[in-house]
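Data from target_23.cif: mmCIF, C-alpha atoms
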data_input
#
loop_
_atom_site.label_atom_id
_atom_site.label_comp_id
_atom_site.auth_asym_id
_atom_site.auth_seq_id
_atom_site.Cartn_x
_atom_site.Cartn_y
_atom_site.Cartn_z
CA MET A 340 15.90 12.67 -11.65
CA LEU A 341 18.13 13.50 -8.67
CA LEU A 342 15.12 13.41 -6.33
CA ALA A 343 14.02 10.02 -7.66
CA THR A 344 17.55 8.65 -7.24
CA ALA A 345 17.63 9.90 -3.65
CA VAL A 346 14.27 8.22 -2.93
CA VAL A 347 15.43 4.88 -4.33
CA THR A 348 18.78 5.09 -2.53
CA TYR A 349 16.99 5.74 0.76
CA VAL A 350 14.59 2.83 0.20
CA LEU A 351 17.41 0.40 -0.51
CA ALA A 352 19.47 1.67 2.43
CA ALA A 353 16.52 1.33 4.81
CA TRP A 354 16.19 -2.38 3.95
CA MET A 355 19.67 -3.01 5.36
CA VAL A 356 19.33 -1.27 8.73
CA ALA A 357 17.25 -1.68 11.87
CA PRO A 358 13.63 -0.49 11.70
CA GLY A 359 14.34 2.45 14.01
CA PHE A 360 16.49 4.09 11.33
CA TYR A 361 13.49 5.41 9.47
CA ASP A 362 11.14 6.15 12.37
CA GLY A 363 9.54 9.57 12.06
CA PHE A 364 10.14 10.06 8.33
CA GLY A 365 7.27 11.28 6.15
CA PRO A 366 6.62 11.20 2.40
CA GLN A 367 9.64 12.41 0.43
CA GLN A 368 7.56 14.14 -2.23
CA PRO A 369 3.92 14.63 -3.30
CA TYR A 370 2.45 11.52 -4.85
CA HIS A 371 2.13 11.52 -8.65
CA TRP A 372 -1.33 10.17 -9.49
CA THR A 373 -2.79 8.59 -12.60
CA CYS A 374 -6.27 9.34 -11.22
CA PRO A 375 -5.77 11.93 -8.46
CA PRO A 376 -8.29 12.11 -5.60
CA SER A 377 -10.12 15.38 -5.04
CA ALA A 378 -7.84 16.30 -2.14
CA ALA A 379 -4.68 15.98 -4.21
CA GLY A 380 -4.76 19.46 -5.72
CA ALA A 381 -2.13 20.11 -8.39
CA ASN A 382 -0.85 16.85 -9.81
CA THR A 383 2.13 15.61 -11.81
CA LYS A 384 1.61 12.52 -13.91
CA PRO A 385 3.59 9.44 -12.80
CA SER A 386 6.69 8.45 -14.69
CA SER A 387 8.12 5.20 -16.08
CA GLY A 388 11.50 3.53 -15.63
CA HIS A 389 14.00 1.28 -17.38
CA VAL A 390 17.18 -0.59 -16.42
CA ASP A 391 19.61 -2.86 -18.24
CA ILE A 392 21.02 -5.47 -15.89
CA LYS A 393 24.42 -6.91 -16.77
CA VAL A 394 24.97 -10.62 -17.21
CA ILE A 395 28.40 -11.67 -15.95
CA GLY A 396 29.60 -15.22 -16.49
CA GLY A 397 26.09 -16.32 -17.40
CA VAL A 398 24.62 -14.89 -14.16
CA SER A 399 22.49 -11.75 -13.92
CA ASP A 400 23.95 -9.06 -11.69
CA ALA A 401 22.24 -7.58 -8.63
CA ASN A 402 20.34 -4.42 -9.54
CA SER A 403 17.05 -2.57 -9.20
CA ALA A 404 14.47 -1.10 -11.56
CA PHE A 405 12.49 1.99 -10.59
CA THR A 406 10.42 4.77 -12.05
CA ASN A 407 11.97 8.22 -12.35
CA ASP A 408 9.74 9.50 -9.54
CA GLY A 409 10.72 6.59 -7.29
CA GLN A 410 7.14 5.46 -6.63
CA ILE A 411 7.88 1.79 -7.38
CA VAL A 412 11.12 -0.13 -6.98
CA LEU A 413 11.88 -3.71 -8.03
CA GLY A 414 15.02 -5.18 -6.48
CA PHE A 415 16.82 -8.21 -7.93
CA LEU A 416 19.37 -10.53 -6.31
CA PRO A 417 22.34 -11.96 -8.22
CA GLY A 418 21.09 -14.76 -10.48
CA ALA A 419 17.48 -13.62 -10.22
CA PHE A 420 16.86 -14.22 -13.95
CA ALA A 421 17.02 -17.23 -16.23
CA VAL A 422 19.74 -16.19 -18.69
CA ALA A 423 19.59 -17.36 -22.30
CA PRO A 424 22.82 -18.52 -24.02
CA GLY A 425 24.77 -15.52 -25.25
CA GLN A 426 22.60 -12.99 -23.42
CA THR A 427 24.66 -10.10 -22.05
CA THR A 428 21.98 -7.82 -20.55
CA ILE A 429 18.47 -8.14 -19.20
CA SER A 430 16.09 -5.26 -19.76
CA VAL A 431 13.39 -4.39 -17.23
CA ASP A 432 10.70 -1.77 -17.93
CA ILE A 433 8.12 -0.25 -15.60
CA ALA A 434 5.25 1.93 -16.82
CA PRO A 435 2.23 3.36 -14.99
CA LEU A 436 -1.08 2.12 -16.29
CA PRO A 437 -2.96 5.03 -17.93
CA THR A 438 -6.22 3.83 -16.35
CA CYS A 439 -7.22 3.05 -12.77
CA PRO A 440 -8.71 -0.46 -12.37
CA GLN A 441 -11.38 -0.91 -9.72
CA PRO A 442 -11.74 -4.69 -9.32
CA PRO A 443 -14.52 -6.00 -7.07
CA GLY A 444 -13.45 -6.38 -3.46
CA ILE A 445 -10.24 -4.31 -3.78
CA ALA A 446 -9.66 -0.61 -3.24
CA PHE A 447 -6.39 0.53 -4.82
CA VAL A 448 -4.67 3.49 -3.14
CA THR A 449 -1.69 3.64 -5.51
CA ASN A 450 -1.25 3.74 -9.24
CA VAL A 451 -1.12 0.42 -11.06
CA TYR A 452 2.23 -0.27 -12.73
CA HIS A 453 3.11 -2.70 -15.51
CA ALA A 454 6.52 -4.35 -15.10
CA THR A 455 8.06 -6.42 -17.91
CA ALA A 456 11.43 -8.04 -18.64
CA ASN A 457 13.03 -10.00 -21.47
CA ALA A 458 13.88 -12.84 -19.08
CA THR A 459 12.04 -14.96 -16.54
CA LEU A 460 12.50 -14.64 -12.80
CA VAL A 461 13.98 -17.67 -11.06
CA LYS A 462 14.42 -15.94 -7.70
CA PRO A 463 11.85 -13.74 -5.91
CA ALA A 464 12.22 -10.01 -6.49
CA ASN A 465 11.52 -7.31 -3.91
CA VAL A 466 8.68 -4.89 -4.65
CA VAL A 467 8.36 -1.49 -2.96
CA LEU A 468 5.44 0.86 -3.61
CA LEU A 469 5.10 4.37 -2.23
CA TYR A 470 1.62 5.58 -1.27
CA SER A 471 0.06 8.87 -0.20
CA ASN A 472 -1.35 9.91 3.17
CA LEU A 473 -4.43 11.28 1.39
CA LEU A 474 -5.96 7.78 1.30
CA PRO A 475 -6.10 4.89 3.80
CA ALA A 476 -2.90 2.88 4.03
CA PRO A 477 -2.80 -0.28 1.90
CA SER A 478 -2.60 -3.69 3.52
CA ALA A 479 -1.21 -5.67 0.56
CA ILE A 480 0.35 -5.44 -2.87
CA TYR A 481 -1.68 -7.09 -5.62
CA LEU A 482 -0.46 -8.68 -8.86
CA ALA A 483 -2.38 -9.49 -12.04
CA PRO A 484 -1.39 -10.77 -15.50
CA ASP A 485 -3.89 -8.35 -17.05
CA PRO A 486 -5.46 -5.04 -15.93
CA ASN A 487 -8.82 -6.81 -15.86
CA GLY A 488 -7.46 -9.43 -13.44
CA PRO A 489 -7.59 -11.77 -11.78
CA TRP A 490 -5.79 -9.94 -8.98
CA THR A 491 -3.79 -11.95 -6.44
CA SER A 492 -2.66 -10.62 -3.09
CA LEU A 493 1.11 -10.84 -2.54
CA GLY A 494 0.70 -9.75 1.07
CA ALA A 495 3.07 -7.26 2.67
CA ASN A 496 6.19 -7.37 4.80
CA ARG A 497 5.79 -6.08 8.34
CA GLU A 498 8.85 -3.83 8.33
CA ALA A 499 8.76 -0.97 5.84
CA MET A 500 9.50 2.73 5.63
CA PRO A 501 6.63 5.09 6.43
CA TYR A 502 4.35 5.51 3.44
CA THR A 503 5.80 2.47 1.69
CA ILE A 504 4.61 -1.11 1.39
CA THR A 505 6.89 -3.99 0.44
CA THR A 506 6.56 -7.61 -0.62
CA THR A 507 8.17 -10.14 -2.97
CA THR A 508 7.10 -11.47 -6.35
CA LYS A 509 8.02 -14.47 -8.47
CA SER A 510 6.69 -13.03 -11.71
CA PHE A 511 6.11 -9.80 -13.57
CA GLY A 512 2.80 -8.23 -14.44
CA TYR A 513 0.60 -5.44 -13.10
CA PHE A 514 1.26 -4.24 -9.55
CA GLY A 515 -0.89 -2.07 -7.29
CA ALA A 516 -1.27 -1.56 -3.54
CA GLY A 517 -4.62 -1.47 -1.79
CA TYR A 518 -6.85 -3.22 0.71
CA PRO A 519 -9.87 -5.56 0.60
CA VAL A 520 -13.35 -4.06 0.97
CA THR A 521 -16.68 -5.65 1.88
CA SER A 522 -18.45 -3.84 -0.91
CA ALA A 523 -17.51 -1.78 -3.94
CA ALA A 524 -20.37 0.60 -3.18
CA SER A 525 -19.50 4.05 -1.93
CA GLY A 526 -19.81 4.48 1.81
CA ALA A 527 -19.46 0.79 2.62
CA VAL A 528 -17.54 -0.10 5.76
CA ARG A 529 -13.95 -0.82 4.78
CA ILE A 530 -12.01 -3.78 6.10
CA GLY A 531 -8.25 -3.51 6.39
CA GLY A 532 -5.90 -0.96 4.90
CA GLY A 533 -5.93 1.40 7.87
CA SER A 534 -9.46 2.71 7.37
CA GLN A 535 -10.71 4.76 10.31
CA VAL A 536 -14.43 4.21 9.69
CA LEU A 537 -14.97 1.07 11.77
CA PRO A 538 -13.06 2.28 14.91
CA ILE A 539 -14.99 5.57 14.88
CA VAL A 540 -18.33 3.75 14.66
CA VAL A 541 -17.37 1.49 17.58
CA ALA A 542 -16.29 4.49 19.68
CA VAL A 543 -19.57 6.30 19.00
CA LEU A 544 -21.60 3.23 20.00
CA ILE A 545 -19.64 2.86 23.24
CA GLY A 546 -20.26 6.53 24.02
CA LEU A 547 -24.00 6.17 23.43
CA VAL A 548 -24.15 3.15 25.73
CA LEU A 549 -22.36 5.06 28.50
CA LEU A 550 -24.63 8.09 28.14
CA ALA A 551 -27.73 5.89 28.23
CA GLY A 552 -26.57 4.35 31.50
CA ILE A 553 -26.30 7.67 33.37
CA PRO A 554 -30.08 8.14 34.06
CA LEU A 555 -30.40 4.51 35.18
CA ALA A 556 -27.50 4.87 37.61
CA ALA A 557 -28.99 8.08 39.04
CA MET A 558 -32.39 6.39 39.53
CA ARG A 559 -30.79 3.51 41.41
CA ARG A 560 -28.94 5.90 43.76
CA ARG A 561 -32.18 7.77 44.54
CA ARG A 562 -34.01 4.54 45.32
CA ALA A 563 -31.10 3.41 47.51
CA ARG A 564 -31.53 6.62 49.57
CA GLY A 565 -35.27 5.94 49.94
CA GLU A 566 -36.40 8.64 47.56
CA VAL A 567 -39.61 8.01 45.66
CA GLU A 568 -40.17 8.80 42.01
CA PRO A 569 -43.11 11.09 41.12
CA GLU A 570 -44.87 8.23 39.37
CA ASP A 571 -44.62 6.11 42.54
CA GLU A 572 -46.17 8.89 44.68
CA ALA A 573 -49.14 9.08 42.34
#
Take the structure from the file and write it as C-alpha coordinates.
Amino acid sequence: MLLATAVVTYVLAAWMVAPGFYDGFGPQQPYHWTCPPSAAGANTKPSSGHVDIKVIGGVSDANSAFTNDGQIVLGFLPGAFAVAPGQTTISVDIAPLPTCPQPPGIAFVTNVYHATANATLVKPANVVLLYSNLLPAPSAIYLAPDPNGPWTSLGANREAMPYTITTTTKSFGYFGAGYPVTSAASGAVRIGGGSQVLPIVVAVLIGLVLLAGIPLAAMRRRRARGEVEPEDEA
(Lines of atoms letter the chains of each structure in order from A and count residues from 1; the text may use other names and numbers.)
(Lines give C-alpha, C1' and ligand atoms only; values in the text may rest on other atoms or scores of the structure.)
Protein backbone atom coordinates (compact mmCIF):
# COMPACT_ATOMS: atom_id res chain seq x y z
CA MET A 1 0.00 0.00 0.00
CA LEU A 2 2.87 2.38 0.81
CA LEU A 3 4.45 1.70 -2.60
CA ALA A 4 1.17 2.39 -4.40
CA THR A 5 0.72 5.63 -2.46
CA ALA A 6 4.24 6.71 -3.41
CA VAL A 7 3.54 5.97 -7.09
CA VAL A 8 0.33 8.01 -7.09
CA THR A 9 1.94 10.88 -5.17
CA TYR A 10 4.78 11.00 -7.71
CA VAL A 11 2.34 10.96 -10.65
CA LEU A 12 0.31 13.83 -9.24
CA ALA A 13 3.43 15.82 -8.35
CA ALA A 14 4.88 15.36 -11.84
CA TRP A 15 1.77 16.94 -13.40
CA MET A 16 2.55 20.20 -11.60
CA VAL A 17 6.21 20.62 -12.55
CA ALA A 18 8.21 21.12 -15.72
CA PRO A 19 8.73 18.04 -17.93
CA GLY A 20 12.44 17.88 -17.06
CA PHE A 21 11.59 16.91 -13.48
CA TYR A 22 10.95 13.31 -14.39
CA ASP A 23 13.52 12.83 -17.16
CA GLY A 24 15.48 9.62 -16.72
CA PHE A 25 13.03 7.85 -14.40
CA GLY A 26 12.10 4.23 -15.13
CA PRO A 27 9.21 2.02 -14.02
CA GLN A 28 8.65 2.21 -10.27
CA GLN A 29 7.71 -1.45 -9.94
CA PRO A 30 7.09 -4.56 -12.08
CA TYR A 31 3.81 -4.38 -13.95
CA HIS A 32 0.95 -6.47 -12.54
CA TRP A 33 -0.70 -8.26 -15.46
CA THR A 34 -4.13 -9.76 -15.95
CA CYS A 35 -2.73 -11.71 -18.92
CA PRO A 36 1.07 -11.58 -18.57
CA PRO A 37 3.23 -11.85 -21.70
CA SER A 38 5.74 -14.69 -21.89
CA ALA A 39 8.61 -12.37 -20.97
CA ALA A 40 6.97 -11.22 -17.75
CA GLY A 41 8.13 -14.11 -15.58
CA ALA A 42 6.65 -14.17 -12.08
CA ASN A 43 3.49 -12.11 -11.94
CA THR A 44 1.28 -10.49 -9.30
CA LYS A 45 -2.35 -10.01 -10.18
CA PRO A 46 -3.47 -6.36 -10.52
CA SER A 47 -5.43 -4.76 -7.73
CA SER A 48 -8.55 -2.60 -7.47
CA GLY A 49 -9.19 0.75 -5.80
CA HIS A 50 -11.89 2.80 -4.10
CA VAL A 51 -12.28 6.39 -2.90
CA ASP A 52 -15.05 8.38 -1.24
CA ILE A 53 -14.96 12.00 -2.35
CA LYS A 54 -16.44 14.55 0.03
CA VAL A 55 -19.20 16.91 -1.02
CA ILE A 56 -18.81 20.31 0.62
CA GLY A 57 -21.51 22.93 0.18
CA GLY A 58 -23.06 20.93 -2.65
CA VAL A 59 -19.74 20.76 -4.56
CA SER A 60 -17.57 17.66 -4.90
CA ASP A 61 -14.07 18.07 -3.54
CA ALA A 62 -10.86 17.63 -5.54
CA ASN A 63 -9.54 14.09 -5.18
CA SER A 64 -8.18 11.08 -7.06
CA ALA A 65 -9.08 7.40 -7.36
CA PHE A 66 -6.39 4.79 -7.93
CA THR A 67 -5.73 1.10 -7.64
CA ASN A 68 -3.62 -0.14 -4.75
CA ASP A 69 -0.75 -0.92 -7.14
CA GLY A 70 -0.95 2.55 -8.68
CA GLN A 71 -1.33 1.32 -12.26
CA ILE A 72 -4.30 3.60 -13.01
CA VAL A 73 -5.13 6.99 -11.53
CA LEU A 74 -8.25 9.09 -12.10
CA GLY A 75 -7.95 12.72 -11.00
CA PHE A 76 -10.96 14.95 -10.34
CA LEU A 77 -11.18 18.74 -10.11
CA PRO A 78 -13.44 20.51 -7.61
CA GLY A 79 -17.04 20.29 -8.86
CA ALA A 80 -16.23 17.47 -11.26
CA PHE A 81 -19.45 15.60 -10.38
CA ALA A 82 -23.13 16.37 -10.62
CA VAL A 83 -24.19 16.23 -6.96
CA ALA A 84 -27.67 15.05 -6.03
CA PRO A 85 -29.61 16.93 -3.28
CA GLY A 86 -28.47 15.74 0.13
CA GLN A 87 -25.51 13.77 -1.22
CA THR A 88 -22.49 14.01 1.09
CA THR A 89 -19.97 11.70 -0.62
CA ILE A 90 -19.30 10.36 -4.09
CA SER A 91 -17.91 6.85 -4.39
CA VAL A 92 -15.55 5.89 -7.21
CA ASP A 93 -14.45 2.29 -7.81
CA ILE A 94 -11.79 0.91 -10.15
CA ALA A 95 -11.38 -2.81 -10.86
CA PRO A 96 -9.18 -4.65 -13.37
CA LEU A 97 -11.10 -6.64 -15.93
CA PRO A 98 -10.49 -10.37 -15.36
CA THR A 99 -10.22 -10.92 -19.12
CA CYS A 100 -8.09 -9.30 -21.82
CA PRO A 101 -10.17 -7.94 -24.74
CA GLN A 102 -8.58 -8.03 -28.18
CA PRO A 103 -10.79 -5.79 -30.34
CA PRO A 104 -10.07 -5.63 -34.08
CA GLY A 105 -7.58 -2.94 -35.00
CA ILE A 106 -6.32 -2.33 -31.43
CA ALA A 107 -3.45 -3.91 -29.54
CA PHE A 108 -3.76 -3.33 -25.79
CA VAL A 109 -0.48 -3.19 -23.86
CA THR A 110 -2.04 -2.58 -20.43
CA ASN A 111 -4.76 -4.22 -18.42
CA VAL A 112 -8.30 -3.04 -19.01
CA TYR A 113 -9.88 -1.35 -15.99
CA HIS A 114 -13.55 -0.73 -15.19
CA ALA A 115 -14.19 2.61 -13.46
CA THR A 116 -17.61 3.42 -11.96
CA ALA A 117 -19.09 6.15 -9.77
CA ASN A 118 -22.45 6.93 -8.16
CA ALA A 119 -22.50 10.35 -9.83
CA THR A 120 -22.06 11.72 -13.34
CA LEU A 121 -19.03 13.68 -14.47
CA VAL A 122 -19.67 17.29 -15.45
CA LYS A 123 -15.98 18.19 -15.79
CA PRO A 124 -13.30 16.14 -17.58
CA ALA A 125 -11.25 13.85 -15.35
CA ASN A 126 -7.56 13.07 -15.82
CA VAL A 127 -6.63 9.47 -16.60
CA VAL A 128 -3.12 8.07 -16.06
CA LEU A 129 -2.18 4.50 -16.98
CA LEU A 130 1.16 2.86 -16.27
CA TYR A 131 2.55 0.43 -18.84
CA SER A 132 5.46 -1.99 -19.04
CA ASN A 133 8.62 -1.83 -21.14
CA LEU A 134 8.07 -5.46 -22.14
CA LEU A 135 5.64 -4.37 -24.87
CA PRO A 136 5.60 -1.49 -27.38
CA ALA A 137 4.57 1.84 -25.90
CA PRO A 138 0.88 2.74 -26.31
CA SER A 139 -0.15 5.72 -28.41
CA ALA A 140 -3.62 6.31 -26.93
CA ILE A 141 -5.98 5.45 -24.11
CA TYR A 142 -9.21 3.81 -25.23
CA LEU A 143 -12.64 3.92 -23.58
CA ALA A 144 -15.64 1.62 -24.04
CA PRO A 145 -19.04 1.30 -22.34
CA ASP A 146 -18.70 -2.50 -22.51
CA PRO A 147 -15.73 -4.90 -22.72
CA ASN A 148 -16.98 -5.93 -26.17
CA GLY A 149 -16.85 -2.30 -27.35
CA PRO A 150 -17.15 -0.15 -29.23
CA TRP A 151 -13.77 1.27 -28.23
CA THR A 152 -13.12 4.99 -28.70
CA SER A 153 -9.68 6.57 -28.69
CA LEU A 154 -9.26 9.33 -26.10
CA GLY A 155 -5.86 10.21 -27.51
CA ALA A 156 -2.92 11.00 -25.24
CA ASN A 157 -1.27 14.08 -23.80
CA ARG A 158 2.22 14.81 -25.08
CA GLU A 159 3.81 15.38 -21.68
CA ALA A 160 3.83 12.37 -19.37
CA MET A 161 6.14 10.51 -17.03
CA PRO A 162 8.19 7.69 -18.54
CA TYR A 163 6.14 4.51 -18.82
CA THR A 164 2.88 6.39 -18.29
CA ILE A 165 0.24 7.64 -20.71
CA THR A 166 -2.29 10.33 -19.81
CA THR A 167 -5.48 11.78 -21.24
CA THR A 168 -8.85 13.14 -20.11
CA THR A 169 -12.31 11.58 -20.06
CA LYS A 170 -15.85 12.91 -19.77
CA SER A 171 -17.38 9.61 -18.73
CA PHE A 172 -16.66 6.38 -16.91
CA GLY A 173 -16.40 2.93 -18.39
CA TYR A 174 -13.64 0.53 -19.43
CA PHE A 175 -10.16 1.99 -19.93
CA GLY A 176 -7.12 0.46 -21.61
CA ALA A 177 -3.98 1.78 -23.32
CA GLY A 178 -2.74 0.49 -26.65
CA TYR A 179 -2.11 1.37 -30.27
CA PRO A 180 -3.85 0.83 -33.62
CA VAL A 181 -2.72 -2.07 -35.81
CA THR A 182 -3.22 -2.76 -39.52
CA SER A 183 -4.19 -6.34 -38.86
CA ALA A 184 -5.06 -8.49 -35.86
CA ALA A 185 -3.03 -11.34 -37.35
CA SER A 186 0.22 -12.24 -35.67
CA GLY A 187 3.30 -10.84 -37.34
CA ALA A 188 1.49 -8.00 -39.10
CA VAL A 189 3.32 -4.71 -39.38
CA ARG A 190 2.26 -2.51 -36.49
CA ILE A 191 1.36 1.15 -36.89
CA GLY A 192 1.90 3.49 -33.98
CA GLY A 193 2.57 2.69 -30.35
CA GLY A 194 6.35 2.74 -30.60
CA SER A 195 6.70 -0.52 -32.54
CA GLN A 196 10.21 -1.08 -33.87
CA VAL A 197 9.23 -3.39 -36.74
CA LEU A 198 8.71 -0.81 -39.48
CA PRO A 199 11.93 1.21 -38.83
CA ILE A 200 14.01 -1.98 -38.83
CA VAL A 201 12.51 -3.10 -42.15
CA VAL A 202 13.24 0.31 -43.71
CA ALA A 203 16.84 0.23 -42.43
CA VAL A 204 17.41 -3.25 -43.86
CA LEU A 205 16.04 -2.20 -47.27
CA ILE A 206 18.31 0.86 -47.33
CA GLY A 207 21.29 -1.34 -46.50
CA LEU A 208 20.46 -3.76 -49.31
CA VAL A 209 20.19 -0.91 -51.80
CA LEU A 210 23.60 0.45 -50.76
CA LEU A 211 25.24 -2.97 -51.00
CA ALA A 212 23.73 -3.56 -54.44
CA GLY A 213 25.22 -0.28 -55.66
CA ILE A 214 28.82 -1.17 -54.77
CA PRO A 215 29.51 -3.49 -57.80
CA LEU A 216 27.93 -0.96 -60.18
CA ALA A 217 30.10 1.84 -58.83
CA ALA A 218 33.24 -0.31 -59.16
CA MET A 219 32.36 -1.18 -62.78
CA ARG A 220 31.93 2.48 -63.66
CA ARG A 221 35.34 3.37 -62.17
CA ARG A 222 37.04 0.61 -64.19
CA ARG A 223 35.42 1.78 -67.41
CA ALA A 224 36.42 5.38 -66.62
CA ARG A 225 40.08 4.20 -66.41
CA GLY A 226 39.76 2.45 -69.79
CA GLU A 227 39.71 -1.07 -68.40
CA VAL A 228 37.74 -3.65 -70.35
CA GLU A 229 35.51 -6.28 -68.82
CA PRO A 230 36.24 -9.94 -69.69
CA GLU A 231 32.97 -10.20 -71.58
CA ASP A 232 33.96 -7.20 -73.74
CA GLU A 233 37.34 -8.78 -74.62
CA ALA A 234 35.59 -11.93 -75.82
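Of the listed residues A:Asn450, A:Asn402, A:Thr438, A:Asp432, the one whose atoms come nearest to Pro385 (chain A) is A:Asn450, with distances taken using all atoms listed in the file.
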Using all atoms listed in the file, pick whichever of A:Val520, A:Ala401, A:Ile445, A:Ala456 has the shortest atom-to-atom distance to Leu482 (chain A).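 Between A:Val520, A:Ala401, A:Ile445, A:Ala456, the residue approaching Leu482 (chain A) most closely is A:Ile445.
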With only C-alpha atoms as the atoms that count, which of A:His453, A:Leu474, A:Ile392, A:Cys439 lies nearest to Gly414 (chain A)?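 Selected residue with least distance to Gly414 (chain A): A:Ile392.
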In Å, how far is it from CA of Gly388 (chain A) to CA of Leu473 (chain A)? 24.6 Å
Evaluate the PyMOL selection byres ((chain A and resi 497-509) around 6) and report residues as number ranges by chain: A: 463-470, 495-496, 510
For CA of Val394 (chain A) and CA of Phe511 (chain A), the interatomic separation in Å (one decimal):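 Those two atoms sit 19.2 Å apart.
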re CA of Pro475 (chain A) and CA of Gly517 (chain A): distance 8.6 Å
Enumerate, as a list of chain:residue names, the residues matched when the PyMOL selection byres ((chain A and resi 424) around 12) is run on the file above.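 Selected by the PyMOL selection byres ((chain A and resi 424) around 12) in this file: A:Val394, A:Ile395, A:Gly396, A:Gly397, A:Val398, A:Ala421, A:Val422, A:Ala423, A:Gly425, A:Gln426, A:Thr427, A:Thr428, A:Ala458.
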If you keep C-alpha atoms, can you produce a file of those selected residues as a PDB file, keeping the file's coordinate frame?
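Contents of out.pdb, as written:
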ATOM      1  CA  VAL A 394      24.970 -10.620 -17.210  1.00  0.00           C
ATOM      2  CA  ILE A 395      28.400 -11.670 -15.950  1.00  0.00           C
ATOM      3  CA  GLY A 396      29.600 -15.220 -16.490  1.00  0.00           C
ATOM      4  CA  GLY A 397      26.090 -16.320 -17.400  1.00  0.00           C
ATOM      5  CA  VAL A 398      24.620 -14.890 -14.160  1.00  0.00           C
ATOM      6  CA  ALA A 421      17.020 -17.230 -16.230  1.00  0.00           C
ATOM      7  CA  VAL A 422      19.740 -16.190 -18.690  1.00  0.00           C
ATOM      8  CA  ALA A 423      19.590 -17.360 -22.300  1.00  0.00           C
ATOM      9  CA  GLY A 425      24.770 -15.520 -25.250  1.00  0.00           C
ATOM     10  CA  GLN A 426      22.600 -12.990 -23.420  1.00  0.00           C
ATOM     11  CA  THR A 427      24.660 -10.100 -22.050  1.00  0.00           C
ATOM     12  CA  THR A 428      21.980  -7.820 -20.550  1.00  0.00           C
ATOM     13  CA  ALA A 458      13.880 -12.840 -19.080  1.00  0.00           C
TER      14      ALA A 458
END
So what does the PyMOL selection byres ((chain A and resi 493) around 6) actually pick up in this one, as a list of chain:residue names?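 When the PyMOL selection byres ((chain A and resi 493) around 6) is applied to the shown file, the picked residues are A:Ile480, A:Tyr481, A:Ser492, A:Gly494.
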Selection to disk with C-alpha atoms, as a PDB file, keeping the file's coordinate frame:
ATOM      1  CA  ILE A 480       0.350  -5.440  -2.870  1.00  0.00           C
ATOM      2  CA  TYR A 481      -1.680  -7.090  -5.620  1.00  0.00           C
ATOM      3  CA  SER A 492      -2.660 -10.620  -3.090  1.00  0.00           C
ATOM      4  CA  GLY A 494       0.700  -9.750   1.070  1.00  0.00           C
TER       5      GLY A 494
END
Give me, as number ranges by chain, all polymer residues having an atom no more than 8 Å from Ser403 (chain A), counting only C-alpha atoms and skipping those fewer than 2 positions away in the same chain. A: 390, 401, 405, 412-415
Excluding Trp490 (chain A) and its own-chain neighbours fewer than 6 positions away, which residues fall within 12 Å of it when counting all atoms listed in the file? Please give them as a PyMOL selection string. chain A and resi 440-447+451+479-484+512-519
Looking at only C-alpha atoms, which of A:Pro417, A:Thr449, A:Asn457, A:Ala378 is the one that sits closest to Val431 (chain A)? A:Asn457
Axis-aligned box for region 477-485 of chain A, 4 Å per side, centre and edges in Å as JSON:
{"center_x": -1.8, "center_y": -5.5, "center_z": -6.8, "size_x": 12.2, "size_y": 18.5, "size_z": 28.6}
Counting only C-alpha atoms, which of A:Thr455, A:Ala381, A:Val461, A:Asp485 gets nearest to Ala419 (chain A)? A:Val461
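The smallest atom-to-atom distance between His371 (chain A) and any of A:Lys462, A:Asp400, A:Ile429, A:Ser471, using all atoms listed in the file, is found for A:Ser471.
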